[in-house]
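Pasted below: input-v2.cif, mmCIF, C-alpha atoms.
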data_entry
#
loop_
_atom_site.label_atom_id
_atom_site.label_comp_id
_atom_site.auth_asym_id
_atom_site.auth_seq_id
_atom_site.Cartn_x
_atom_site.Cartn_y
_atom_site.Cartn_z
CA MET E 1 141.19 -37.08 34.61
CA ASP E 2 141.38 -36.55 30.88
CA ARG E 3 144.20 -34.29 29.65
CA HIS E 4 141.81 -32.25 27.51
CA ALA E 5 139.49 -31.64 30.44
CA LEU E 6 142.44 -30.49 32.52
CA ALA E 7 143.59 -28.22 29.69
CA VAL E 8 140.18 -26.51 29.73
CA LEU E 9 139.92 -26.45 33.51
CA ILE E 10 143.20 -24.61 34.14
CA PRO E 11 142.22 -21.38 32.26
CA VAL E 12 138.76 -21.44 33.83
CA ILE E 13 140.21 -21.69 37.34
CA THR E 14 142.77 -18.99 36.53
CA MET E 15 140.04 -16.64 35.29
CA PHE E 16 137.91 -17.35 38.36
CA PHE E 17 140.68 -16.50 40.82
CA THR E 18 141.74 -13.44 38.81
CA GLY E 19 138.16 -12.21 38.91
CA LEU E 20 137.96 -12.92 42.63
CA ILE E 21 141.10 -10.92 43.29
CA ALA E 22 139.84 -8.03 41.13
CA PHE E 23 136.49 -8.15 42.94
CA SER E 24 138.24 -7.88 46.31
CA PHE E 25 139.55 -4.42 45.36
CA THR E 26 136.08 -3.00 44.62
CA ARG E 27 133.93 -1.24 47.24
CA LEU E 28 131.54 -4.16 47.28
CA GLY E 29 134.41 -6.62 47.66
CA LYS E 30 135.81 -4.65 50.59
CA ALA E 31 132.37 -4.52 52.22
CA VAL E 32 131.98 -8.28 51.81
CA ALA E 33 135.45 -8.87 53.28
CA LYS E 34 134.69 -6.61 56.25
CA ARG E 35 131.40 -8.42 56.82
CA LEU E 36 133.14 -11.80 56.71
CA GLU E 37 135.69 -10.57 59.26
CA GLY E 38 132.86 -9.63 61.59
CA GLY E 39 133.64 -5.95 61.67
CA VAL E 40 130.87 -3.38 62.03
CA ASP E 41 130.91 0.36 61.67
CA GLY E 42 130.11 2.77 64.51
CA GLU E 43 126.51 3.35 63.43
CA THR E 44 125.76 -0.37 63.31
CA ALA E 45 127.38 -0.95 66.70
CA GLU E 46 125.33 1.89 68.21
CA ARG E 47 122.12 0.54 66.69
CA LEU E 48 122.90 -2.94 67.99
CA SER E 49 123.52 -1.52 71.46
CA ARG E 50 120.15 0.29 71.43
CA LEU E 51 118.36 -2.86 70.26
CA GLU E 52 119.97 -4.93 73.01
CA ALA E 53 118.90 -2.38 75.64
CA GLU E 54 115.36 -2.41 74.27
CA GLN E 55 115.31 -6.20 74.35
CA ASP E 56 116.42 -6.18 78.00
CA ARG E 57 113.67 -3.69 78.87
CA LEU E 58 111.04 -5.78 77.11
CA GLN E 59 112.21 -8.93 78.89
CA ARG E 60 111.88 -7.19 82.28
CA GLU E 61 108.38 -5.98 81.38
CA LEU E 62 107.40 -9.49 80.29
CA ALA E 63 108.69 -10.97 83.57
CA GLU E 64 106.66 -8.38 85.53
CA ALA E 65 103.55 -9.21 83.49
CA HIS E 66 104.05 -12.92 84.25
CA GLU E 67 104.32 -12.16 87.97
CA ARG E 68 101.10 -10.12 87.86
CA LEU E 69 99.33 -12.87 85.95
CA ASP E 70 100.45 -15.49 88.48
CA PHE E 71 99.21 -13.28 91.33
CA ALA E 72 95.85 -12.74 89.62
CA GLU E 73 95.46 -16.47 89.03
CA ARG E 74 96.16 -17.19 92.72
CA VAL E 75 93.60 -14.59 93.83
CA ILE E 76 90.95 -15.97 91.48
CA ALA E 77 91.69 -19.51 92.62
CA GLN E 78 91.32 -18.47 96.31
CA GLN E 79 88.03 -16.70 95.63
CA GLY E 80 86.77 -19.71 93.70
CA SER E 81 87.47 -22.04 96.62
CA ARG E 82 85.47 -19.74 98.99
CA VAL E 83 82.32 -20.02 96.93
CA LEU E 84 79.87 -22.35 98.66
CA PRO E 85 78.09 -25.02 96.68
CA GLY E 86 74.65 -23.90 95.60
CA ASP E 87 75.51 -20.21 95.38
#
Final structure tokens representation of the file:
Amino acid sequence: MDRHALAVLIPVITMFFTGLIAFSFTRLGKAVAKRLEGGVDGETAERLSRLEAEQDRLQRELAEAHERLDFAERVIAQQGSRVLPGD
């Protein structure tokens, strides 16, 4: 690497990391850091819990609807096989 390019690159990298450190002390920086750590606040955890419960309920309802549909298809198939030709 050219010495002049390195001489320009060092202050740029220094300014970047200084800005990154300064950003980490802002409210937005702290929120980003918390998000990267995977932490959630109480309201978000509660909302997630409600959404998971709703998803479970909807999955149960969908399974019941599938069972009813299967039953209806079997009944229709049985009635169709009882129909005599020419009716």
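With only C-alpha atoms as the atoms that count, the residue of E:Arg47, E:Asp2, E:Leu20, E:Arg68 with the shortest distance to Ala33 of chain E is E:Leu20.
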Centre, x/y/z edge lengths, axis-aligned box for segment 43-53 of chain E with 3 Å per side, as AutoDock Vina command-line options:
--center_x 122.9 --center_y -0.8 --center_z 69.5 --size_x 15.0 --size_y 14.3 --size_z 18.3
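Going from atom CA of Gly38 of chain E over to atom CA of Ile21 of chain E, you cover 20.1 Å.
Interatomic distance, atom CA of Arg35 of chain E to atom CA of Ala53 of chain E: 23.4 Å.
Put simply, atom CA of Glu46 of chain E is 22.9 Å away from atom CA of Glu61 of chain E.
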